[in-house]
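For reference, model_10.txt (compact mmCIF, C-alpha atoms and all ligand atoms):
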# COMPACT_ATOMS: atom_id res chain seq x y z
CA MET A 1294 97.23 57.45 53.70
CA THR A 1295 94.39 55.40 55.12
CA ILE A 1296 94.96 52.74 57.77
CA TYR A 1297 94.51 50.06 55.13
CA GLN A 1298 96.92 51.70 52.70
CA ASN A 1299 99.50 51.77 55.50
CA ILE A 1300 99.01 48.05 56.14
CA VAL A 1301 99.46 47.29 52.43
CA ALA A 1302 102.54 49.53 52.24
CA ALA A 1303 104.06 47.77 55.26
CA LYS A 1304 103.45 44.39 53.64
CA LYS A 1305 105.23 45.54 50.46
CA GLU A 1306 108.22 46.67 52.52
CA ASN A 1307 108.11 43.48 54.62
CA LYS A 1308 107.64 45.64 57.72
CA LYS A 1309 105.80 43.59 60.32
CA LEU A 1310 102.87 45.04 62.26
CA LEU A 1311 101.67 44.31 65.77
CA ALA A 1312 98.29 44.99 67.33
CA ILE A 1313 97.50 44.99 71.03
CA LEU A 1314 93.94 43.82 71.62
CA ILE A 1315 92.09 45.50 74.45
CA ASP A 1316 88.94 43.80 75.71
CA PRO A 1317 86.73 46.54 77.19
CA ASP A 1318 85.11 43.93 79.44
CA LYS A 1319 88.42 43.25 81.16
CA THR A 1320 89.90 46.75 81.13
CA ALA A 1321 88.73 49.43 83.54
CA ILE A 1322 88.97 53.02 82.37
CA GLU A 1323 91.12 53.79 85.43
CA GLN A 1324 93.76 51.38 84.12
CA ILE A 1325 94.13 53.13 80.78
CA SER A 1326 96.68 55.80 81.69
CA ASP A 1327 99.12 53.17 83.04
CA LEU A 1328 98.38 50.86 80.14
CA VAL A 1329 99.05 53.60 77.59
CA ILE A 1330 102.56 54.10 78.98
CA LYS A 1331 103.26 50.41 78.36
CA ILE A 1332 101.64 50.51 74.92
CA ASN A 1333 103.75 53.53 73.95
CA GLN A 1334 106.91 51.69 75.07
CA SER A 1335 105.96 48.56 73.13
CA PRO A 1336 106.50 47.80 69.42
CA ALA A 1337 102.73 47.93 68.83
CA THR A 1338 101.62 49.63 65.62
CA HIS A 1339 97.84 49.30 66.10
CA ILE A 1340 95.29 48.94 68.86
CA PHE A 1341 92.30 46.65 68.39
CA ILE A 1342 89.31 47.00 70.70
CA GLY A 1343 86.66 44.33 71.11
CA GLY A 1344 85.60 41.20 72.89
CA SER A 1345 82.50 39.77 74.42
CA ILE A 1346 79.42 42.00 74.45
CA VAL A 1347 79.90 45.28 76.29
CA GLU A 1348 78.06 48.56 76.49
CA GLN A 1349 78.99 50.84 73.62
CA VAL A 1350 79.16 53.84 75.94
CA SER A 1351 82.06 52.27 77.88
CA ILE A 1352 83.96 51.66 74.64
CA ASP A 1353 83.53 55.31 73.66
CA ALA A 1354 84.96 56.48 76.98
CA LEU A 1355 87.77 53.93 76.85
CA ILE A 1356 88.85 55.09 73.39
CA ARG A 1357 88.67 58.78 74.36
CA GLU A 1358 90.94 57.99 77.30
CA LEU A 1359 93.37 56.01 75.11
CA LYS A 1360 93.55 58.81 72.58
CA LYS A 1361 94.67 61.36 75.14
CA GLU A 1362 98.18 59.86 75.18
CA CYS A 1363 98.34 57.35 72.35
CA GLN A 1364 98.74 58.10 68.65
CA LEU A 1365 98.33 54.56 67.31
CA PRO A 1366 95.40 53.84 65.00
CA ILE A 1367 92.51 52.30 66.91
CA LEU A 1368 90.41 49.70 65.14
CA ILE A 1369 87.21 48.19 66.45
CA PHE A 1370 87.34 44.40 66.41
CA PRO A 1371 83.67 43.76 67.10
CA GLY A 1372 82.00 40.66 68.43
CA HIS A 1373 78.66 42.45 68.03
CA PRO A 1374 77.35 45.67 66.40
CA SER A 1375 76.91 47.16 69.89
CA GLN A 1376 80.71 47.44 70.06
CA ILE A 1377 80.97 49.87 67.17
CA SER A 1378 82.25 53.20 68.43
CA GLN A 1379 82.53 56.37 66.39
CA GLU A 1380 85.48 57.36 68.59
CA ALA A 1381 87.72 54.79 66.89
CA ASP A 1382 89.64 55.35 63.65
CA GLY A 1383 88.44 52.29 61.85
CA LEU A 1384 86.47 49.08 61.96
CA LEU A 1385 87.44 45.56 61.00
CA PHE A 1386 84.15 44.63 59.33
CA LEU A 1387 84.47 40.94 60.11
CA SER A 1388 82.69 38.16 58.28
CA LEU A 1389 83.17 34.77 59.95
CA LEU A 1390 83.94 32.81 56.78
CA SER A 1391 84.88 29.55 58.52
CA GLY A 1392 81.40 29.29 60.06
CA ARG A 1393 77.91 28.83 58.67
CA ASN A 1394 76.06 31.04 61.11
CA PRO A 1395 74.22 33.67 59.03
CA ASP A 1396 74.32 36.15 61.91
CA TYR A 1397 78.12 36.36 61.63
CA LEU A 1398 78.17 36.17 57.84
CA ILE A 1399 75.65 38.96 57.08
CA GLU A 1400 72.97 39.62 59.71
CA HIS A 1401 75.07 41.66 62.17
CA HIS A 1402 76.44 43.59 59.19
CA ILE A 1403 72.96 44.58 58.06
CA ASN A 1404 72.20 45.64 61.61
CA SER A 1405 75.33 47.83 61.63
CA VAL A 1406 74.38 49.92 58.60
CA GLU A 1407 72.36 52.46 60.55
CA LEU A 1408 75.43 53.13 62.71
CA LEU A 1409 77.84 53.20 59.79
CA LYS A 1410 76.10 55.02 56.98
CA ASN A 1411 77.04 58.50 58.21
CA SER A 1412 80.18 57.45 60.03
CA VAL A 1413 83.72 58.56 59.26
CA LEU A 1414 85.14 55.26 60.53
CA GLU A 1415 87.40 53.58 57.99
CA ILE A 1416 85.59 50.33 57.27
CA ILE A 1417 87.91 47.46 56.34
CA PRO A 1418 86.17 44.32 55.01
CA THR A 1419 87.89 41.41 56.75
CA GLY A 1420 87.51 37.67 56.24
CA TYR A 1421 87.65 36.11 59.71
CA ILE A 1422 88.66 32.46 59.86
CA LEU A 1423 88.56 30.46 63.06
CA ILE A 1424 91.18 27.72 63.35
CA GLU A 1425 91.13 24.98 65.98
CA GLY A 1426 93.23 26.21 68.90
CA GLY A 1427 93.31 23.25 71.29
CA LYS A 1428 90.28 24.23 73.37
CA GLU A 1429 86.84 25.77 72.94
CA THR A 1430 87.24 29.54 72.85
CA ALA A 1431 84.76 32.36 73.44
CA VAL A 1432 84.43 33.16 69.74
CA GLN A 1433 83.48 29.55 69.05
CA ARG A 1434 80.94 29.57 71.89
CA VAL A 1435 79.42 32.92 71.04
CA SER A 1436 79.29 32.38 67.26
CA GLN A 1437 78.18 28.77 67.66
CA THR A 1438 80.45 27.75 64.82
CA LEU A 1439 83.13 25.11 64.58
CA PRO A 1440 86.71 26.07 63.76
CA ILE A 1441 88.60 24.62 60.81
CA GLU A 1442 90.77 21.70 61.96
CA LYS A 1443 94.37 22.77 62.46
CA ASP A 1444 95.74 20.23 59.96
CA ASN A 1445 93.19 21.09 57.25
CA ILE A 1446 95.41 23.57 55.43
CA GLU A 1447 93.56 23.08 52.16
CA LEU A 1448 90.19 24.12 53.59
CA ALA A 1449 91.71 27.05 55.51
CA PHE A 1450 93.48 28.22 52.35
CA LYS A 1451 90.39 27.87 50.14
CA THR A 1452 88.33 29.77 52.71
CA ALA A 1453 90.92 32.58 52.81
CA LYS A 1454 91.20 32.71 49.02
CA ALA A 1455 87.40 32.74 48.62
CA GLY A 1456 87.43 35.70 51.01
CA GLU A 1457 89.94 37.47 48.79
CA TYR A 1458 87.80 36.76 45.70
CA LEU A 1459 84.76 38.13 47.56
CA GLY A 1460 86.62 41.41 48.00
CA LYS A 1461 87.79 41.15 51.59
CA LYS A 1462 90.79 43.41 52.11
CA LEU A 1463 92.31 41.47 55.00
CA ILE A 1464 92.24 37.87 56.15
CA TYR A 1465 92.39 37.20 59.89
CA LEU A 1466 93.42 33.69 60.98
CA GLU A 1467 92.15 33.33 64.54
CA ALA A 1468 92.86 30.55 67.01
CA GLY A 1469 90.61 32.36 69.53
CA SER A 1470 91.50 34.49 72.49
CA GLY A 1471 93.33 32.42 75.09
CA ALA A 1472 93.70 29.46 72.70
CA ALA A 1473 95.95 26.65 73.93
CA THR A 1474 97.84 26.66 70.63
CA PRO A 1475 98.23 29.39 68.01
CA VAL A 1476 97.51 28.93 64.31
CA PRO A 1477 100.08 26.39 62.97
CA THR A 1478 103.02 27.92 61.11
CA ASP A 1479 102.70 25.60 58.07
CA MET A 1480 99.13 26.82 57.61
CA ILE A 1481 100.25 30.47 57.89
CA THR A 1482 103.06 29.93 55.37
CA TYR A 1483 100.85 28.20 52.82
CA ILE A 1484 98.06 30.77 53.06
CA SER A 1485 100.30 33.86 53.12
CA SER A 1486 102.28 32.71 50.10
CA ASN A 1487 99.10 32.11 48.09
CA LEU A 1488 97.20 35.24 49.09
CA ASN A 1489 97.43 38.73 47.61
CA ILE A 1490 96.05 40.61 50.61
CA PRO A 1491 97.58 41.14 54.07
CA LEU A 1492 97.27 38.36 56.63
CA ILE A 1493 96.50 38.91 60.32
CA VAL A 1494 97.20 36.12 62.81
CA GLY A 1495 96.05 36.02 66.43
CA GLY A 1496 94.99 33.84 69.32
CA GLY A 1497 97.07 31.92 71.85
CA ILE A 1498 100.36 33.75 71.19
CA ARG A 1499 101.96 34.22 74.59
CA ASP A 1500 105.70 34.74 74.13
CA LEU A 1501 108.00 36.93 72.05
CA ASN A 1502 109.64 34.00 70.24
CA THR A 1503 106.26 32.82 68.98
CA ILE A 1504 105.55 36.30 67.62
CA ASP A 1505 108.80 36.08 65.62
CA THR A 1506 108.00 32.56 64.43
CA ILE A 1507 104.57 33.65 63.23
CA PHE A 1508 106.03 36.67 61.43
CA GLU A 1509 108.65 34.43 59.79
CA ALA A 1510 105.88 32.03 58.75
CA GLY A 1511 104.28 34.88 56.77
CA ALA A 1512 101.90 36.84 58.99
CA ASP A 1513 101.82 40.56 58.20
CA LEU A 1514 100.19 41.60 61.45
CA VAL A 1515 100.15 39.70 64.75
CA VAL A 1516 97.55 40.31 67.48
CA ILE A 1517 98.38 39.99 71.18
CA GLY A 1518 95.53 40.11 73.69
CA THR A 1519 95.69 37.85 76.74
CA ALA A 1520 99.48 37.92 77.18
CA PHE A 1521 99.53 41.73 77.43
CA GLU A 1522 96.35 41.74 79.51
CA ASN A 1523 98.03 39.40 82.03
CA ASP A 1524 101.35 41.24 82.02
CA SER A 1525 101.67 44.80 80.78
CA ASN A 1526 105.48 44.30 80.86
CA PHE A 1527 105.11 41.56 78.23
CA PHE A 1528 107.02 43.57 75.61
CA THR A 1529 109.66 44.95 78.01
CA PRO A 1530 112.53 42.74 76.76
CA LEU A 1531 112.05 44.35 73.33
CA CYS A 1532 112.01 47.93 74.61
C1 LIG B 1 91.77 37.25 69.89
O1 LIG B 1 93.49 37.03 68.32
C2 LIG B 1 93.10 37.70 69.45
O2 LIG B 1 90.81 37.63 68.99
C3 LIG B 1 94.09 37.64 70.58
O3 LIG B 1 94.12 36.38 71.21
O4 LIG B 1 94.00 36.89 73.63
O5 LIG B 1 95.00 34.74 72.84
O6 LIG B 1 96.21 36.90 72.50
P1 LIG B 1 94.90 36.23 72.62
Before we go any further, please render this structure as structure tokens.
Ligand code: 1GP
Amino acid sequence: MTIYQNIVAAKKENKKLLAILIDPDKTAIEQISDLVIKINQSPATHIFIGGSIVEQVSIDALIRELKKECQLPILIFPGHPSQISQEADGLLFLSLLSGRNPDYLIEHHINSVELLKNSVLEIIPTGYILIEGGKETAVQRVSQTLPIEKDNIELAFKTAKAGEYLGKKLIYLEAGSGAATPVPTDMITYISSNLNIPLIVGGGIRDLNTIDTIFEAGADLVVIGTAFENDSNFFTPLC
């Protein structure tokens, strides 16, 4: 089965998925062996790699190091085509649907084709939707786009549904890394119950109870970045 088929199968069985996001800018290669022990003890089902712009060569090395001891599927979560690594298993091919910056809707994608056309990476078209998270986040700054207001459920839903109609295979609701507040649960519930494709939710989730709440609201896959980055024992109470 492909990574995507596994995500769809998990959704059908109501089995919740959890990705740990590793930002190569904030993670030294020397830290990986210790980090992998914690990842292997955690309930994580996927690893996402990405963040602000970094040298591709360091991502390659980081993934090779991760793969020595970790069997989880590794997906690139790119902020820029320079973050695409052939060492990964797949790529979330993100289109920032909440914004109107052509670079993040199509330009970076065109610029990625040379890297992808002969690649064996599993490419997963993903509609990426930025939701107001209580403070300006890096994705907002870098993409120069405004998030959808957190109480505008109708616009967030229509954006997600338009993504589905466009053929996106996943929708990612993003409050932004380090957001003050995660995506609101009423928005997650409305969108997940009116969408036919799996829903990823991330940004500003910093405790285990909130992970549960977001799963109960309807997320199929939750992403944890900062909380694990700050404390690699974050998942210990679950282990
Ligand atoms: C960011 O959704 C991810 O793209 C994770 O956010 O760092 O706030 O967990 P956090």
### Message
Using only C-alpha atoms and all ligand atoms, which residues have at least one atom no more than 9 Å from ligand LIG 1 (chain B)? Output them as an NGL selection string.
### Response
:A and (1313-1316 or 1343-1344 or 1370 or 1432 or 1465-1475 or 1493-1499 or 1515-1522)
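Comparing A:Thr1482, A:Ser1335, A:Asn1489, A:Ser1388 by their smallest distance to Leu1501 in chain A, the closest is A:Ser1335 (using all atoms listed in the file).
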### Task
Quote the spacing between CA of Asp1318 in chain A and CA of Ser1378 in chain A in Å to one decimal place.
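Between these atoms lies a distance of 14.7 Å.
Excluding Leu1448 in chain A itself and any same-chain residue fewer than 4 positions from it, the protein and nucleic acid residues within 12 Å of it, counting only C-alpha atoms, are Leu1390, Ser1391, Ile1422, Leu1423, Ile1424, Pro1440, Ile1441, Glu1442, Lys1443, Asp1444, Thr1452, Ala1453, Lys1454, Ala1455, Met1480, Tyr1483 and Ile1484 of chain A.
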### Message
Let me make sure I understand: among A:Pro1477, A:Gly1427, A:Gly1372, A:Pro1336, which one has the smallest atom-to-atom distance to Thr1529 in chain A if we use only C-alpha atoms?
### Response
A:Pro1336
### Task
State, in Å with one decimal place, the distance from CA of Asn1487 in chain A to CA of Ala1449 in chain A.
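Taking CA of Asn1487 in chain A as the start and CA of Ala1449 in chain A as the end point, the length is 11.6 Å.
Each of A:Gly1456, A:Asn1523, A:Ile1377, A:Val1435 was compared to Leu1414 in chain A using all atoms listed in the file, and A:Ile1377 turns out to be the nearest.
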### Query
Between A:Leu1408, A:Ile1403, A:Ile1296, A:Ile1504, which has the minimum distance to Leu1368 in chain A (counting all atoms listed in the file)?
A:Ile1296
### Query
In Å, how far is it from CA of Ala1337 in chain A to CA of Ala1510 in chain A?
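That distance, rounded to one decimal, is 19.1 Å.
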So for range 1426-1429 of chain A, what box centre and size do we get, axis-aligned, 3 Å extra on each of the six sides, every listed atom, Å to one decimal, as AutoDock Vina command-line options?
--center_x 90.1 --center_y 24.7 --center_z 71.1 --size_x 12.5 --size_y 9.0 --size_z 10.5
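Using only C-alpha atoms, the smallest distance between any of A:Ile1352, A:Glu1415, A:Asn1299, A:Asn1307 and Ala1321 in chain A comes from A:Ile1352.
The closest residue to Val1329 in chain A, picked from A:Lys1361, A:Ala1303, A:Leu1385, A:Asn1445 and counting only C-alpha atoms, is A:Lys1361.
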### All residues 12 Å or closer to Glu1323 in chain A, only C-alpha atoms, same chain fewer than 4 positions away omitted, as a list in words
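Close residues of Glu1323 in chain A: Pro1317, Lys1319, Asp1327, Leu1328, Val1329, Ser1351, Ala1354, Leu1355, Glu1358 and Leu1359 of chain A.
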Write the residues of the selection above to a file with C-alpha atoms, as a PDB file, in the frame of the given file.
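Saved the output as again08.pdb:
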ATOM      1  CA  PRO A1317      86.730  46.540  77.190  1.00  0.00           C
ATOM      2  CA  LYS A1319      88.420  43.250  81.160  1.00  0.00           C
ATOM      3  CA  ASP A1327      99.120  53.170  83.040  1.00  0.00           C
ATOM      4  CA  LEU A1328      98.380  50.860  80.140  1.00  0.00           C
ATOM      5  CA  VAL A1329      99.050  53.600  77.590  1.00  0.00           C
ATOM      6  CA  SER A1351      82.060  52.270  77.880  1.00  0.00           C
ATOM      7  CA  ALA A1354      84.960  56.480  76.980  1.00  0.00           C
ATOM      8  CA  LEU A1355      87.770  53.930  76.850  1.00  0.00           C
ATOM      9  CA  GLU A1358      90.940  57.990  77.300  1.00  0.00           C
ATOM     10  CA  LEU A1359      93.370  56.010  75.110  1.00  0.00           C
TER      11      LEU A1359
END
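Once His1339 in chain A and its same-chain neighbours fewer than 4 positions away are set aside, A:Leu1311, A:Ala1312, A:Ile1313, A:Leu1365, A:Pro1366, A:Ile1367 remain within 7 Å of it when counting all atoms listed in the file.
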Can you rebuild range 1510-1521 of chain A with N, CA and C atoms and give it as a PDB file, in the frame of the given file?
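After the write, result-v8.pdb holds the following:
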ATOM      1  N   ALA A1510     106.746  32.937  59.512  1.00  0.00           N
ATOM      2  CA  ALA A1510     105.880  32.030  58.750  1.00  0.00           C
ATOM      3  C   ALA A1510     105.110  32.784  57.658  1.00  0.00           C
ATOM      4  N   GLY A1511     104.949  34.116  57.831  1.00  0.00           N
ATOM      5  CA  GLY A1511     104.280  34.880  56.770  1.00  0.00           C
ATOM      6  C   GLY A1511     103.179  35.819  57.222  1.00  0.00           C
ATOM      7  N   ALA A1512     102.921  35.890  58.521  1.00  0.00           N
ATOM      8  CA  ALA A1512     101.900  36.840  58.990  1.00  0.00           C
ATOM      9  C   ALA A1512     102.383  38.267  58.757  1.00  0.00           C
ATOM     10  N   ASP A1513     101.474  39.143  58.368  1.00  0.00           N
ATOM     11  CA  ASP A1513     101.820  40.560  58.200  1.00  0.00           C
ATOM     12  C   ASP A1513     101.547  41.344  59.474  1.00  0.00           C
ATOM     13  N   LEU A1514     100.558  40.909  60.213  1.00  0.00           N
ATOM     14  CA  LEU A1514     100.190  41.600  61.450  1.00  0.00           C
ATOM     15  C   LEU A1514      99.832  40.539  62.498  1.00  0.00           C
ATOM     16  N   VAL A1515     100.440  40.647  63.667  1.00  0.00           N
ATOM     17  CA  VAL A1515     100.150  39.700  64.750  1.00  0.00           C
ATOM     18  C   VAL A1515      99.355  40.432  65.835  1.00  0.00           C
ATOM     19  N   VAL A1516      98.386  39.721  66.421  1.00  0.00           N
ATOM     20  CA  VAL A1516      97.550  40.310  67.480  1.00  0.00           C
ATOM     21  C   VAL A1516      97.863  39.640  68.817  1.00  0.00           C
ATOM     22  N   ILE A1517      98.111  40.477  69.814  1.00  0.00           N
ATOM     23  CA  ILE A1517      98.380  39.990  71.180  1.00  0.00           C
ATOM     24  C   ILE A1517      97.309  40.561  72.110  1.00  0.00           C
ATOM     25  N   GLY A1518      96.552  39.676  72.740  1.00  0.00           N
ATOM     26  CA  GLY A1518      95.530  40.110  73.690  1.00  0.00           C
ATOM     27  C   GLY A1518      95.848  39.663  75.090  1.00  0.00           C
ATOM     28  N   THR A1519      95.578  38.387  75.382  1.00  0.00           N
ATOM     29  CA  THR A1519      95.690  37.850  76.740  1.00  0.00           C
ATOM     30  C   THR A1519      97.068  38.068  77.363  1.00  0.00           C
ATOM     31  N   ALA A1520      98.128  37.836  76.602  1.00  0.00           N
ATOM     32  CA  ALA A1520      99.480  37.920  77.180  1.00  0.00           C
ATOM     33  C   ALA A1520      99.762  39.330  77.698  1.00  0.00           C
ATOM     34  N   PHE A1521      99.317  40.350  76.996  1.00  0.00           N
ATOM     35  CA  PHE A1521      99.530  41.730  77.430  1.00  0.00           C
ATOM     36  C   PHE A1521      98.555  42.088  78.566  1.00  0.00           C
TER      37      PHE A1521
END
